[in-house]
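Printed here is work28.cif (mmCIF, C-alpha atoms and all ligand atoms):
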data_coords
loop_
_atom_site.group_PDB
_atom_site.id
_atom_site.type_symbol
_atom_site.label_atom_id
_atom_site.label_comp_id
_atom_site.auth_asym_id
_atom_site.auth_seq_id
_atom_site.Cartn_x
_atom_site.Cartn_y
_atom_site.Cartn_z
ATOM 1 C CA MET T 2 195.766 -71.295 -200.162
ATOM 2 C CA SER T 3 196.982 -67.799 -199.598
ATOM 3 C CA GLY T 4 200.085 -66.009 -198.351
ATOM 4 C CA PHE T 5 201.596 -67.894 -195.460
ATOM 5 C CA SER T 6 198.478 -69.775 -194.385
ATOM 6 C CA ALA T 7 198.840 -72.778 -192.101
ATOM 7 C CA ASP T 8 197.701 -75.004 -195.002
ATOM 8 C CA TRP T 9 200.493 -73.723 -197.243
ATOM 9 C CA LEU T 10 203.105 -74.068 -194.489
ATOM 10 C CA ALA T 11 201.951 -77.652 -193.815
ATOM 11 C CA LEU T 12 202.139 -78.488 -197.519
ATOM 12 C CA ARG T 13 205.737 -77.318 -197.809
ATOM 13 C CA GLU T 14 206.989 -78.709 -194.476
ATOM 14 C CA PRO T 15 207.925 -82.222 -195.724
ATOM 15 C CA ALA T 16 209.817 -80.795 -198.745
ATOM 16 C CA ASP T 17 211.625 -78.355 -196.451
ATOM 17 C CA ALA T 18 212.514 -81.183 -194.074
ATOM 18 C CA ARG T 19 214.079 -83.222 -196.903
ATOM 19 C CA ALA T 20 216.003 -80.221 -198.226
ATOM 20 C CA ARG T 21 217.596 -78.795 -195.068
ATOM 21 C CA SER T 22 221.357 -79.224 -194.681
ATOM 22 C CA SER T 23 221.859 -81.722 -191.866
ATOM 23 C CA ALA T 24 225.572 -80.756 -191.787
ATOM 24 C CA LEU T 25 224.791 -77.118 -190.977
ATOM 25 C CA ILE T 26 222.109 -78.089 -188.450
ATOM 26 C CA ALA T 27 224.754 -80.303 -186.791
ATOM 27 C CA GLN T 28 227.174 -77.345 -186.608
ATOM 28 C CA ALA T 29 224.555 -75.251 -184.835
ATOM 29 C CA ALA T 30 223.696 -78.175 -182.549
ATOM 30 C CA ALA T 31 227.362 -78.688 -181.588
ATOM 31 C CA ARG T 32 227.574 -75.124 -180.320
ATOM 32 C CA LEU T 33 224.370 -75.578 -178.281
ATOM 33 C CA ALA T 34 225.591 -78.825 -176.746
ATOM 34 C CA ALA T 35 228.023 -76.936 -174.513
ATOM 35 C CA GLN T 36 225.234 -74.932 -172.856
ATOM 36 C CA ALA T 37 222.588 -75.797 -170.271
ATOM 37 C CA ALA T 38 218.980 -75.321 -171.441
ATOM 38 C CA PRO T 39 219.952 -73.155 -174.442
ATOM 39 C CA LEU T 40 217.341 -70.725 -175.693
ATOM 40 C CA VAL T 41 216.782 -70.615 -179.468
ATOM 41 C CA CYS T 42 214.704 -67.915 -181.159
ATOM 42 C CA ASP T 43 213.081 -68.688 -184.533
ATOM 43 C CA LEU T 44 212.224 -65.640 -186.683
ATOM 44 C CA GLY T 45 209.130 -65.822 -188.918
ATOM 45 C CA SER T 46 208.299 -69.169 -187.356
ATOM 46 C CA GLY T 47 204.789 -69.697 -188.729
ATOM 47 C CA THR T 48 203.426 -72.806 -187.016
ATOM 48 C CA GLY T 49 206.893 -73.893 -185.847
ATOM 49 C CA ALA T 50 208.170 -76.058 -188.725
ATOM 50 C CA GLY T 51 211.746 -74.904 -188.130
ATOM 51 C CA MET T 52 211.592 -75.921 -184.490
ATOM 52 C CA ARG T 53 210.170 -79.324 -185.446
ATOM 53 C CA ALA T 54 212.975 -79.822 -187.961
ATOM 54 C CA PHE T 55 215.841 -78.666 -185.721
ATOM 55 C CA ALA T 56 214.701 -80.051 -182.362
ATOM 56 C CA PRO T 57 215.753 -83.702 -182.964
ATOM 57 C CA ALA T 58 219.352 -82.541 -183.558
ATOM 58 C CA PHE T 59 219.421 -79.984 -180.730
ATOM 59 C CA PRO T 60 219.898 -80.778 -177.021
ATOM 60 C CA ALA T 61 216.775 -82.217 -175.395
ATOM 61 C CA ASP T 62 216.609 -79.313 -172.922
ATOM 62 C CA THR T 63 216.576 -76.623 -175.648
ATOM 63 C CA ARG T 64 214.052 -73.854 -174.965
ATOM 64 C CA TRP T 65 212.248 -72.147 -177.834
ATOM 65 C CA CYS T 66 210.925 -68.691 -178.575
ATOM 66 C CA LEU T 67 208.912 -68.512 -181.813
ATOM 67 C CA THR T 68 208.212 -65.138 -183.417
ATOM 68 C CA ASP T 69 205.905 -64.115 -186.256
ATOM 69 C CA ASN T 70 203.531 -61.286 -187.161
ATOM 70 C CA ASP T 71 200.699 -63.709 -187.996
ATOM 71 C CA PRO T 72 198.622 -64.423 -184.876
ATOM 72 C CA ASP T 73 196.841 -67.395 -186.481
ATOM 73 C CA THR T 74 199.900 -69.479 -187.315
ATOM 74 C CA LEU T 75 201.597 -68.465 -184.081
ATOM 75 C CA ALA T 76 198.532 -69.645 -182.130
ATOM 76 C CA ILE T 77 198.856 -73.067 -183.776
ATOM 77 C CA ALA T 78 202.490 -73.221 -182.651
ATOM 78 C CA ALA T 79 201.525 -72.235 -179.095
ATOM 79 C CA ARG T 80 198.703 -74.803 -178.913
ATOM 80 C CA ALA T 81 201.012 -77.597 -180.059
ATOM 81 C CA ASP T 82 203.453 -77.133 -177.185
ATOM 82 C CA ALA T 83 202.633 -75.073 -174.098
ATOM 83 C CA ARG T 84 206.327 -74.907 -173.119
ATOM 84 C CA VAL T 85 207.143 -72.897 -176.240
ATOM 85 C CA GLU T 86 207.138 -69.115 -175.868
ATOM 86 C CA THR T 87 205.557 -67.240 -178.774
ATOM 87 C CA ARG T 88 206.029 -63.551 -179.566
ATOM 88 C CA LEU T 89 203.728 -61.700 -181.939
ATOM 89 C CA THR T 90 206.116 -59.242 -183.518
ATOM 90 C CA ASP T 91 206.664 -57.346 -186.752
ATOM 91 C CA LEU T 92 210.207 -57.981 -187.885
ATOM 92 C CA ALA T 93 210.042 -54.902 -190.106
ATOM 93 C CA ALA T 94 209.842 -52.775 -186.980
ATOM 94 C CA ASP T 95 212.206 -54.885 -184.867
ATOM 95 C CA PRO T 96 214.556 -57.345 -186.583
ATOM 96 C CA ALA T 97 215.800 -58.584 -183.195
ATOM 97 C CA PRO T 98 212.844 -59.777 -181.083
ATOM 98 C CA TRP T 99 214.884 -62.437 -179.302
ATOM 99 C CA PRO T 100 214.952 -62.735 -175.502
ATOM 100 C CA GLU T 101 218.059 -61.518 -173.702
ATOM 101 C CA ASP T 102 219.281 -65.043 -172.915
ATOM 102 C CA CYS T 103 218.951 -66.263 -176.513
ATOM 103 C CA VAL T 104 222.036 -68.170 -177.719
ATOM 104 C CA LEU T 105 221.034 -69.030 -181.326
ATOM 105 C CA VAL T 106 218.762 -67.385 -183.897
ATOM 106 C CA THR T 107 217.111 -69.554 -186.554
ATOM 107 C CA ALA T 108 214.852 -68.906 -189.537
ATOM 108 C CA THR T 109 213.377 -70.841 -192.430
ATOM 109 C CA ALA T 110 212.187 -69.460 -195.769
ATOM 110 C CA LEU T 111 212.319 -65.901 -194.509
ATOM 111 C CA PHE T 112 215.240 -63.858 -195.776
ATOM 112 C CA ASP T 113 214.296 -63.758 -199.473
ATOM 113 C CA LEU T 114 211.309 -61.672 -198.316
ATOM 114 C CA ALA T 115 213.618 -59.074 -196.763
ATOM 115 C CA SER T 116 215.330 -56.064 -198.284
ATOM 116 C CA PRO T 117 219.150 -55.810 -198.331
ATOM 117 C CA ALA T 118 218.863 -52.891 -195.884
ATOM 118 C CA TRP T 119 216.812 -55.005 -193.463
ATOM 119 C CA ILE T 120 219.350 -57.827 -193.752
ATOM 120 C CA ASP T 121 222.047 -55.322 -192.750
ATOM 121 C CA ARG T 122 219.963 -54.230 -189.745
ATOM 122 C CA LEU T 123 219.552 -57.849 -188.682
ATOM 123 C CA ALA T 124 223.293 -58.494 -189.084
ATOM 124 C CA ASP T 125 224.048 -55.430 -186.954
ATOM 125 C CA ARG T 126 221.812 -56.733 -184.169
ATOM 126 C CA LEU T 127 223.177 -60.287 -184.348
ATOM 127 C CA ALA T 128 226.744 -58.963 -184.215
ATOM 128 C CA ALA T 129 225.940 -56.637 -181.308
ATOM 129 C CA ASP T 130 224.679 -59.656 -179.332
ATOM 130 C CA ARG T 131 227.377 -61.998 -180.765
ATOM 131 C CA LEU T 132 224.668 -64.488 -181.777
ATOM 132 C CA PRO T 133 225.042 -67.249 -184.373
ATOM 133 C CA LEU T 134 222.423 -67.641 -187.104
ATOM 134 C CA LEU T 135 221.080 -70.824 -188.705
ATOM 135 C CA ALA T 136 219.046 -69.772 -191.761
ATOM 136 C CA CYS T 137 217.476 -72.477 -193.918
ATOM 137 C CA LEU T 138 215.656 -72.530 -197.241
ATOM 138 C CA THR T 139 216.429 -69.040 -198.507
ATOM 139 C CA TYR T 140 215.395 -68.981 -202.182
ATOM 140 C CA ASP T 141 218.401 -68.523 -204.513
ATOM 141 C CA GLY T 142 216.753 -67.848 -207.892
ATOM 142 C CA ARG T 143 217.375 -71.236 -209.502
ATOM 143 C CA LEU T 144 214.319 -72.995 -210.910
ATOM 144 C CA GLY T 145 214.227 -76.186 -212.949
ATOM 145 C CA LEU T 146 211.191 -77.711 -214.639
ATOM 146 C CA SER T 147 211.027 -80.987 -216.516
ATOM 147 C CA PRO T 148 210.029 -81.755 -219.200
ATOM 148 C CA ALA T 149 210.873 -78.351 -220.671
ATOM 149 C CA HIS T 150 208.115 -76.041 -221.906
ATOM 150 C CA PRO T 151 208.731 -73.083 -224.275
ATOM 151 C CA GLY T 152 207.214 -70.694 -221.710
ATOM 152 C CA ASP T 153 209.483 -71.739 -218.831
ATOM 153 C CA ALA T 154 212.229 -69.148 -219.383
ATOM 154 C CA ALA T 155 209.807 -66.207 -219.492
ATOM 155 C CA LEU T 156 207.824 -67.411 -216.480
ATOM 156 C CA CYS T 157 210.938 -68.136 -214.408
ATOM 157 C CA ALA T 158 212.477 -64.744 -215.254
ATOM 158 C CA ALA T 159 209.200 -63.037 -214.333
ATOM 159 C CA PHE T 160 209.036 -65.020 -211.105
ATOM 160 C CA ASN T 161 212.509 -63.833 -210.095
ATOM 161 C CA ARG T 162 211.519 -60.226 -210.833
ATOM 162 C CA HIS T 163 208.390 -60.747 -208.723
ATOM 163 C CA GLN T 164 210.521 -62.090 -205.873
ATOM 164 C CA ARG T 165 212.180 -58.673 -205.650
ATOM 165 C CA HIS T 166 208.902 -56.854 -204.983
ATOM 166 C CA ASP T 167 208.338 -55.406 -201.499
ATOM 167 C CA LYS T 168 207.172 -58.198 -199.166
ATOM 168 C CA GLY T 169 206.777 -55.970 -196.121
ATOM 169 C CA LEU T 170 210.219 -56.569 -194.690
ATOM 170 C CA GLY T 171 212.120 -53.338 -195.144
ATOM 171 C CA GLY T 172 211.341 -52.431 -198.772
ATOM 172 C CA ASP T 173 212.060 -54.123 -202.104
ATOM 173 C CA ALA T 174 213.045 -57.693 -201.326
ATOM 174 C CA ALA T 175 216.500 -59.113 -201.953
ATOM 175 C CA GLY T 176 214.681 -62.148 -203.419
ATOM 176 C CA PRO T 177 217.168 -64.336 -205.335
ATOM 177 C CA GLY T 178 220.016 -62.133 -204.025
ATOM 178 C CA ALA T 179 219.171 -62.723 -200.377
ATOM 179 C CA VAL T 180 221.621 -65.546 -199.706
ATOM 180 C CA ASP T 181 224.562 -63.544 -201.039
ATOM 181 C CA ALA T 182 223.395 -60.446 -199.158
ATOM 182 C CA LEU T 183 223.102 -62.379 -195.899
ATOM 183 C CA CYS T 184 226.495 -64.054 -196.277
ATOM 184 C CA ALA T 185 228.195 -60.745 -197.127
ATOM 185 C CA ALA T 186 226.501 -58.847 -194.288
ATOM 186 C CA LEU T 187 227.604 -61.419 -191.721
ATOM 187 C CA ALA T 188 231.126 -61.881 -193.119
ATOM 188 C CA ASP T 189 231.560 -58.089 -193.039
ATOM 189 C CA ARG T 190 230.776 -58.212 -189.325
ATOM 190 C CA GLY T 191 233.414 -60.819 -188.581
ATOM 191 C CA TYR T 192 231.297 -63.965 -188.861
ATOM 192 C CA THR T 193 232.472 -67.295 -190.204
ATOM 193 C CA VAL T 194 229.797 -68.284 -192.708
ATOM 194 C CA ALA T 195 229.145 -71.840 -193.918
ATOM 195 C CA ARG T 196 226.752 -72.257 -196.832
ATOM 196 C CA ALA T 197 225.089 -75.323 -198.376
ATOM 197 C CA ASP T 198 222.616 -75.763 -201.201
ATOM 198 C CA SER T 199 219.220 -77.015 -200.011
ATOM 199 C CA PRO T 200 217.017 -77.242 -203.114
ATOM 200 C CA TRP T 201 213.554 -78.681 -203.202
ATOM 201 C CA ARG T 202 213.694 -81.629 -205.589
ATOM 202 C CA LEU T 203 210.017 -82.282 -206.189
ATOM 203 C CA ALA T 204 208.775 -85.281 -208.134
ATOM 204 C CA ALA T 205 205.399 -86.111 -209.652
ATOM 205 C CA GLY T 206 203.743 -88.897 -207.726
ATOM 206 C CA ARG T 207 205.229 -87.906 -204.369
ATOM 207 C CA ASP T 208 204.804 -84.116 -204.431
ATOM 208 C CA ASP T 209 201.797 -83.553 -206.718
ATOM 209 C CA ALA T 210 199.906 -81.231 -204.365
ATOM 210 C CA LEU T 211 202.919 -79.008 -203.685
ATOM 211 C CA ILE T 212 203.891 -78.865 -207.370
ATOM 212 C CA ALA T 213 200.342 -77.880 -208.395
ATOM 213 C CA GLU T 214 200.112 -75.227 -205.685
ATOM 214 C CA LEU T 215 203.463 -73.728 -206.681
ATOM 215 C CA LEU T 216 202.559 -73.626 -210.369
ATOM 216 C CA ARG T 217 199.179 -72.018 -209.654
ATOM 217 C CA GLY T 218 200.776 -69.494 -207.318
ATOM 218 C CA TRP T 219 203.490 -68.529 -209.789
ATOM 219 C CA ALA T 220 201.146 -68.194 -212.772
ATOM 220 C CA GLY T 221 198.676 -66.154 -210.703
ATOM 221 C CA ALA T 222 201.352 -63.866 -209.301
ATOM 222 C CA MET T 223 202.891 -63.276 -212.742
ATOM 223 C CA ALA T 224 199.558 -62.415 -214.304
ATOM 224 C CA ASN T 225 198.423 -60.226 -211.383
ATOM 225 C CA ALA T 226 201.651 -58.253 -211.421
ATOM 226 C CA ASP T 227 201.407 -57.853 -215.234
ATOM 227 C CA LEU T 228 204.795 -59.490 -215.575
ATOM 228 C CA VAL T 229 203.486 -61.748 -218.355
ATOM 229 C CA PRO T 230 200.255 -61.500 -220.358
ATOM 230 C CA SER T 231 197.468 -63.365 -218.567
ATOM 231 C CA ALA T 232 196.842 -65.592 -221.595
ATOM 232 C CA THR T 233 200.519 -66.626 -221.573
ATOM 233 C CA ALA T 234 200.353 -67.443 -217.872
ATOM 234 C CA ARG T 235 197.086 -69.367 -218.337
ATOM 235 C CA ASP T 236 198.428 -71.481 -221.222
ATOM 236 C CA TRP T 237 201.690 -72.180 -219.428
ATOM 237 C CA LEU T 238 199.832 -73.215 -216.279
ATOM 238 C CA ALA T 239 197.507 -75.563 -218.178
ATOM 239 C CA SER T 240 200.468 -77.298 -219.854
ATOM 240 C CA ARG T 241 202.458 -77.455 -216.651
ATOM 241 C CA LEU T 242 199.578 -78.881 -214.620
ATOM 242 C CA ALA T 243 199.030 -81.498 -217.329
ATOM 243 C CA ARG T 244 202.640 -82.621 -217.065
ATOM 244 C CA THR T 245 205.452 -81.644 -214.748
ATOM 245 C CA ASP T 246 207.605 -84.614 -213.832
ATOM 246 C CA ARG T 247 210.220 -82.785 -211.790
ATOM 247 C CA LEU T 248 210.438 -79.331 -210.267
ATOM 248 C CA THR T 249 213.576 -77.984 -208.612
ATOM 249 C CA VAL T 250 213.523 -74.821 -206.521
ATOM 250 C CA GLY T 251 216.948 -73.586 -205.486
ATOM 251 C CA HIS T 252 217.551 -72.664 -201.863
ATOM 252 C CA ALA T 253 220.563 -72.282 -199.642
ATOM 253 C CA ASP T 254 221.119 -72.801 -195.929
ATOM 254 C CA ILE T 255 223.701 -70.908 -193.948
ATOM 255 C CA TYR T 256 225.197 -71.272 -190.508
ATOM 256 C CA ALA T 257 227.083 -68.183 -189.411
ATOM 257 C CA ALA T 258 228.912 -67.799 -186.119
ATOM 258 C CA PRO T 259 230.866 -64.868 -184.720
ATOM 259 C CA ARG T 260 234.610 -65.527 -184.653
ATOM 260 C CA GLU T 261 235.955 -66.316 -181.217
ATOM 261 C CA GLY T 262 238.109 -63.775 -179.453
HETATM 262 C C1 LIG P 301 207.552 -68.716 -195.992
HETATM 263 S S1 LIG P 301 206.877 -68.520 -194.412
HETATM 264 C C2 LIG P 301 207.892 -69.617 -193.457
HETATM 265 C C3 LIG P 301 207.294 -69.960 -192.116
HETATM 266 C C4 LIG P 301 208.087 -70.945 -191.269
HETATM 267 N N1 LIG P 301 209.435 -70.466 -191.013
HETATM 268 C C5 LIG P 301 208.114 -72.311 -191.907
HETATM 269 O O1 LIG P 301 209.187 -72.745 -192.315
HETATM 270 O O2 LIG P 301 207.050 -72.944 -192.009
HETATM 271 C C6 LIG P 301 207.444 -66.907 -193.902
HETATM 272 C C7 LIG P 301 206.987 -66.511 -192.510
HETATM 273 O O3 LIG P 301 207.487 -65.193 -192.221
HETATM 274 C C8 LIG P 301 206.488 -64.480 -191.560
HETATM 275 N N2 LIG P 301 206.693 -63.043 -191.780
HETATM 276 C C9 LIG P 301 206.683 -62.384 -192.968
HETATM 277 N N3 LIG P 301 206.872 -61.075 -192.777
HETATM 278 C C10 LIG P 301 207.003 -60.897 -191.427
HETATM 279 C C11 LIG P 301 207.197 -59.754 -190.607
HETATM 280 N N4 LIG P 301 207.289 -58.524 -191.125
HETATM 281 N N5 LIG P 301 207.298 -59.951 -189.268
HETATM 282 C C12 LIG P 301 207.203 -61.195 -188.733
HETATM 283 N N6 LIG P 301 207.002 -62.305 -189.469
HETATM 284 C C13 LIG P 301 206.900 -62.164 -190.798
HETATM 285 C C14 LIG P 301 205.184 -64.966 -192.188
HETATM 286 O O4 LIG P 301 204.047 -64.687 -191.382
HETATM 287 C C15 LIG P 301 205.479 -66.450 -192.346
HETATM 288 O O5 LIG P 301 205.090 -67.189 -191.223
#

Please, can you express the file's structure as structure tokens?
Ligand SMILES: C[S@@+](CC[C@H](N)C(=O)[O-])C[C@H]1O[C@@H](n2cnc3c(N)ncnc32)[C@H](O)[C@@H]1O
Amino acid sequence: MSGFSADWLALREPADARARSSALIAQAAARLAAQAAPLVCDLGSGTGAGMRAFAPAFPADTRWCLTDNDPDTLAIAARADARVETRLTDLAADPAPWPEDCVLVTATALFDLASPAWIDRLADRLAADRLPLLACLTYDGRLGLSPAHPGDAALCAAFNRHQRHDKGLGGDAAGPGAVDALCAALADRGYTVARADSPWRLAAGRDDALIAELLRGWAGAMANADLVPSATARDWLASRLARTDRLTVGHADIYAAPREG
């Protein structure tokens, strides 16, 4: 599996669904309930997992616009529901690809890829249009692995450094600092920001495929970026694949709305 392939997005979708803050989704839904046929725009939608997760809580007549720069995953989203509008768009060039009548912007697992400067640009555009934002599953830098392995600290520290590399969204990524950057950017622009932890709590037996894919991805990325010696990454991966009972990946969700008046 590579990058943001449909296979990878499908593998993570159930863990994302368990982790999302239902309280923050309900806050966003309450605001939509007052409007007829509200239009929601999902940024970096992939195949539409965010829409699938939010739709049961949102009004039945909600309209959707899904945006991504990957034509393959976007095509899957379009095929699944012909009523959904899809927009092939590079968020690096335009952080605000929402239609004019959009009333809520959503995103899942996106903002840790973005630079602090890009987050500021997005916040400017949201504030200019007085749009609320529901952002789920932004990585927050906290990793937990059980049982402990002597290589965990080095690998986790290297992973967090890797998360700050440029991911094509405005320069060096905010990575583990993205949640704080997003909250600060929106609060500075007069938003009321609610935040909730939404960690993946993965367990052997139920989540074996996702755990193995994560471990392989991390070890490969660390070695490729020369953040740890390749032999260290290889040995750590072999031990981890042999036994990882629980894996926690810290995320946070936010719901931010412009103050009335
Ligand atoms: C971690 S995936 C999450 C996908 C989806 N939100 C989900 O939950 O399944 C990040 C998504 O952001 C998209 N993305 C990354 N950089 C982008 C850019 N510059 N413009 C538009 N989309 C981008 C990727 O193609 C990918 O679909």

Run the PyMOL selection byres (((chain T and resi 109) around 6) and not hetatm) mentally over the shown coordinates, then write out the matched residues as a PDB file with C-alpha atoms, in the coordinates of the input, using the chain letters and numbers from the document.
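The result, written out as out-v1.pdb:
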ATOM      1  CA  ALA T 108     214.852 -68.906-189.537  1.00  0.00           C
ATOM      2  CA  ALA T 110     212.187 -69.460-195.769  1.00  0.00           C
ATOM      3  CA  LEU T 111     212.319 -65.901-194.509  1.00  0.00           C
ATOM      4  CA  ALA T 136     219.046 -69.772-191.761  1.00  0.00           C
ATOM      5  CA  CYS T 137     217.476 -72.477-193.918  1.00  0.00           C
ATOM      6  CA  LEU T 138     215.656 -72.530-197.241  1.00  0.00           C
TER       7      LEU T 138
END

(message) Give me the residues near Trp99 of chain T as JSON, numbers by chain, where near means some atom within 9 Å (using all atoms listed in the file) and where sequence neighbours in that chain fewer than 3 positions away do not count.
(response) {"T": [41, 42, 43, 44, 66, 67, 68, 88, 96, 102, 103, 106]}

(request) Name all residues at most 12 Å from Ala154 of chain T (count only C-alpha atoms; drop same-chain ones fewer than 3 positions away) and give them as a ChimeraX atom specification. (result) /T:143-146,149-151,157-161,229,237

Can those selected residues be exported to a file as a compact mmCIF listing (two decimals), keeping the file's coordinate frame so that it contains C-alpha atoms?
# COMPACT_ATOMS: atom_id res chain seq x y z
CA ARG T 143 217.38 -71.24 -209.50
CA LEU T 144 214.32 -73.00 -210.91
CA GLY T 145 214.23 -76.19 -212.95
CA LEU T 146 211.19 -77.71 -214.64
CA ALA T 149 210.87 -78.35 -220.67
CA HIS T 150 208.12 -76.04 -221.91
CA PRO T 151 208.73 -73.08 -224.28
CA CYS T 157 210.94 -68.14 -214.41
CA ALA T 158 212.48 -64.74 -215.25
CA ALA T 159 209.20 -63.04 -214.33
CA PHE T 160 209.04 -65.02 -211.10
CA ASN T 161 212.51 -63.83 -210.10
CA VAL T 229 203.49 -61.75 -218.36
CA TRP T 237 201.69 -72.18 -219.43

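Residue nearest Ala185 of chain T within the list T:Asp254, T:Asp121, T:Asp141, T:Glu214: T:Asp121 [criterion: smallest interatomic distance, all atoms listed in the file].
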
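The residue that comes closest to Gly152 of chain T, out of T:Thr249, T:Thr233, T:Thr63, T:Gln36 and on the basis of all atoms listed in the file, is T:Thr233.
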
Each residue of chain T lying at most 8 Å from ligand LIG 301 (chain P) should get a row with its shortest atom-to-atom pair and the distance in Å to one decimal, counting all atoms listed in the file; could you produce that, ordered by chain and increasing number, as a tab-separated table?
residue	atom	partner	partner_atom	distance
T:Phe5	CA	P:LIG301	C15	5.2
T:Ser6	CA	P:LIG301	O5	7.8
T:Leu10	CA	P:LIG301	O2	4.8
T:Ala11	CA	P:LIG301	O2	7.2
T:Arg13	CA	P:LIG301	O2	7.4
T:Glu14	CA	P:LIG301	O2	6.3
T:Asp17	CA	P:LIG301	O1	7.4
T:Asp43	CA	P:LIG301	N1	7.6
T:Leu44	CA	P:LIG301	N6	6.8
T:Gly45	CA	P:LIG301	O3	3.7
T:Ser46	CA	P:LIG301	N1	4.0
T:Gly47	CA	P:LIG301	O5	3.5
T:Thr48	CA	P:LIG301	O2	6.2
T:Gly49	CA	P:LIG301	O2	6.2
T:Ala50	CA	P:LIG301	O2	4.7
T:Gly51	CA	P:LIG301	O1	5.4
T:Thr68	CA	P:LIG301	C12	6.7
T:Asp69	CA	P:LIG301	N6	3.8
T:Asn70	CA	P:LIG301	C12	4.0
T:Asp71	CA	P:LIG301	O4	4.9
T:Thr74	CA	P:LIG301	O5	6.9
T:Leu89	CA	P:LIG301	C12	7.6
T:Thr90	CA	P:LIG301	C12	5.7
T:Asp91	CA	P:LIG301	N5	3.7
T:Leu92	CA	P:LIG301	N5	3.8
T:Ala93	CA	P:LIG301	N4	4.7
T:Ala94	CA	P:LIG301	N4	7.5
T:Ala108	CA	P:LIG301	N1	5.8
T:Thr109	CA	P:LIG301	N1	4.2
T:Ala110	CA	P:LIG301	C1	4.7
T:Leu111	CA	P:LIG301	C6	5.0
T:Leu114	CA	P:LIG301	C9	7.1
T:Lys168	CA	P:LIG301	N3	7.0
T:Gly169	CA	P:LIG301	N4	5.6
T:Leu170	CA	P:LIG301	N4	5.0

(message) Could you check the closest approach to Ala54 of chain T for each of T:Thr245, T:Ser147, T:Ser23, T:Gln164 and tell me which residue wins, using all atoms listed in the file?
(response) T:Ser23

The PyMOL selection byres (((chain T and resi 55) around 10) and not hetatm) applied to the shown file, residues as an mmCIF file with C-alpha atoms, in the frame of the given file:
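Below is the file that was written, expr35.cif:
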data_model
loop_
_atom_site.group_PDB
_atom_site.id
_atom_site.type_symbol
_atom_site.label_atom_id
_atom_site.label_comp_id
_atom_site.auth_asym_id
_atom_site.auth_seq_id
_atom_site.Cartn_x
_atom_site.Cartn_y
_atom_site.Cartn_z
ATOM 1 C CA ALA T 18 212.514 -81.183 -194.074
ATOM 2 C CA ARG T 21 217.596 -78.795 -195.068
ATOM 3 C CA SER T 23 221.859 -81.722 -191.866
ATOM 4 C CA ILE T 26 222.109 -78.089 -188.450
ATOM 5 C CA ALA T 27 224.754 -80.303 -186.791
ATOM 6 C CA ALA T 29 224.555 -75.251 -184.835
ATOM 7 C CA ALA T 30 223.696 -78.175 -182.549
ATOM 8 C CA ALA T 50 208.170 -76.058 -188.725
ATOM 9 C CA GLY T 51 211.746 -74.904 -188.130
ATOM 10 C CA MET T 52 211.592 -75.921 -184.490
ATOM 11 C CA ARG T 53 210.170 -79.324 -185.446
ATOM 12 C CA ALA T 54 212.975 -79.822 -187.961
ATOM 13 C CA ALA T 56 214.701 -80.051 -182.362
ATOM 14 C CA PRO T 57 215.753 -83.702 -182.964
ATOM 15 C CA ALA T 58 219.352 -82.541 -183.558
ATOM 16 C CA PHE T 59 219.421 -79.984 -180.730
ATOM 17 C CA PRO T 60 219.898 -80.778 -177.021
ATOM 18 C CA THR T 107 217.111 -69.554 -186.554
ATOM 19 C CA LEU T 135 221.080 -70.824 -188.705
#

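Residues of protein, DNA or RNA having at least one counted atom within 7 Å of (217.3, -63.1, -208.4), given only C-alpha atoms, are Asp141, Gly142, Asn161, Arg162, Gly176, Pro177 and Gly178 of chain T.
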
Residue selection dump (C-alpha atoms) as a PDB file, in the coordinates of the input:
ATOM      1  CA  ASP T 141     218.401 -68.523-204.513  1.00  0.00           C
ATOM      2  CA  GLY T 142     216.753 -67.848-207.892  1.00  0.00           C
ATOM      3  CA  ASN T 161     212.509 -63.833-210.095  1.00  0.00           C
ATOM      4  CA  ARG T 162     211.519 -60.226-210.833  1.00  0.00           C
ATOM      5  CA  GLY T 176     214.681 -62.148-203.419  1.00  0.00           C
ATOM      6  CA  PRO T 177     217.168 -64.336-205.335  1.00  0.00           C
ATOM      7  CA  GLY T 178     220.016 -62.133-204.025  1.00  0.00           C
TER       8      GLY T 178
END

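The residue that comes closest to Asp167 of chain T, out of T:Ala115, T:Ala155, T:Ala24, T:Ala204 and on the basis of all atoms listed in the file, is T:Ala115.
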
Completion step: segment 245-251 of chain T with N, CA and C atoms as a PDB file, keeping the file's coordinate frame:
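Saved as out.pdb:
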ATOM      1  N   THR T 245     204.180 -82.101-215.316  1.00  0.00           N
ATOM      2  CA  THR T 245     205.452 -81.644-214.748  1.00  0.00           C
ATOM      3  C   THR T 245     206.001 -82.829-213.960  1.00  0.00           C
ATOM      4  N   ASP T 246     207.052 -83.417-214.481  1.00  0.00           N
ATOM      5  CA  ASP T 246     207.605 -84.614-213.832  1.00  0.00           C
ATOM      6  C   ASP T 246     208.497 -84.254-212.648  1.00  0.00           C
ATOM      7  N   ARG T 247     209.299 -83.192-212.864  1.00  0.00           N
ATOM      8  CA  ARG T 247     210.220 -82.785-211.790  1.00  0.00           C
ATOM      9  C   ARG T 247     210.268 -81.268-211.713  1.00  0.00           C
ATOM     10  N   LEU T 248     210.364 -80.774-210.491  1.00  0.00           N
ATOM     11  CA  LEU T 248     210.438 -79.331-210.267  1.00  0.00           C
ATOM     12  C   LEU T 248     211.513 -79.097-209.193  1.00  0.00           C
ATOM     13  N   THR T 249     212.510 -78.305-209.570  1.00  0.00           N
ATOM     14  CA  THR T 249     213.576 -77.984-208.612  1.00  0.00           C
ATOM     15  C   THR T 249     213.499 -76.506-208.262  1.00  0.00           C
ATOM     16  N   VAL T 250     213.525 -76.213-206.989  1.00  0.00           N
ATOM     17  CA  VAL T 250     213.523 -74.821-206.521  1.00  0.00           C
ATOM     18  C   VAL T 250     214.784 -74.638-205.683  1.00  0.00           C
ATOM     19  N   GLY T 251     215.671 -73.754-206.169  1.00  0.00           N
ATOM     20  CA  GLY T 251     216.948 -73.586-205.486  1.00  0.00           C
ATOM     21  C   GLY T 251     216.825 -72.813-204.179  1.00  0.00           C
TER      22      GLY T 251
END
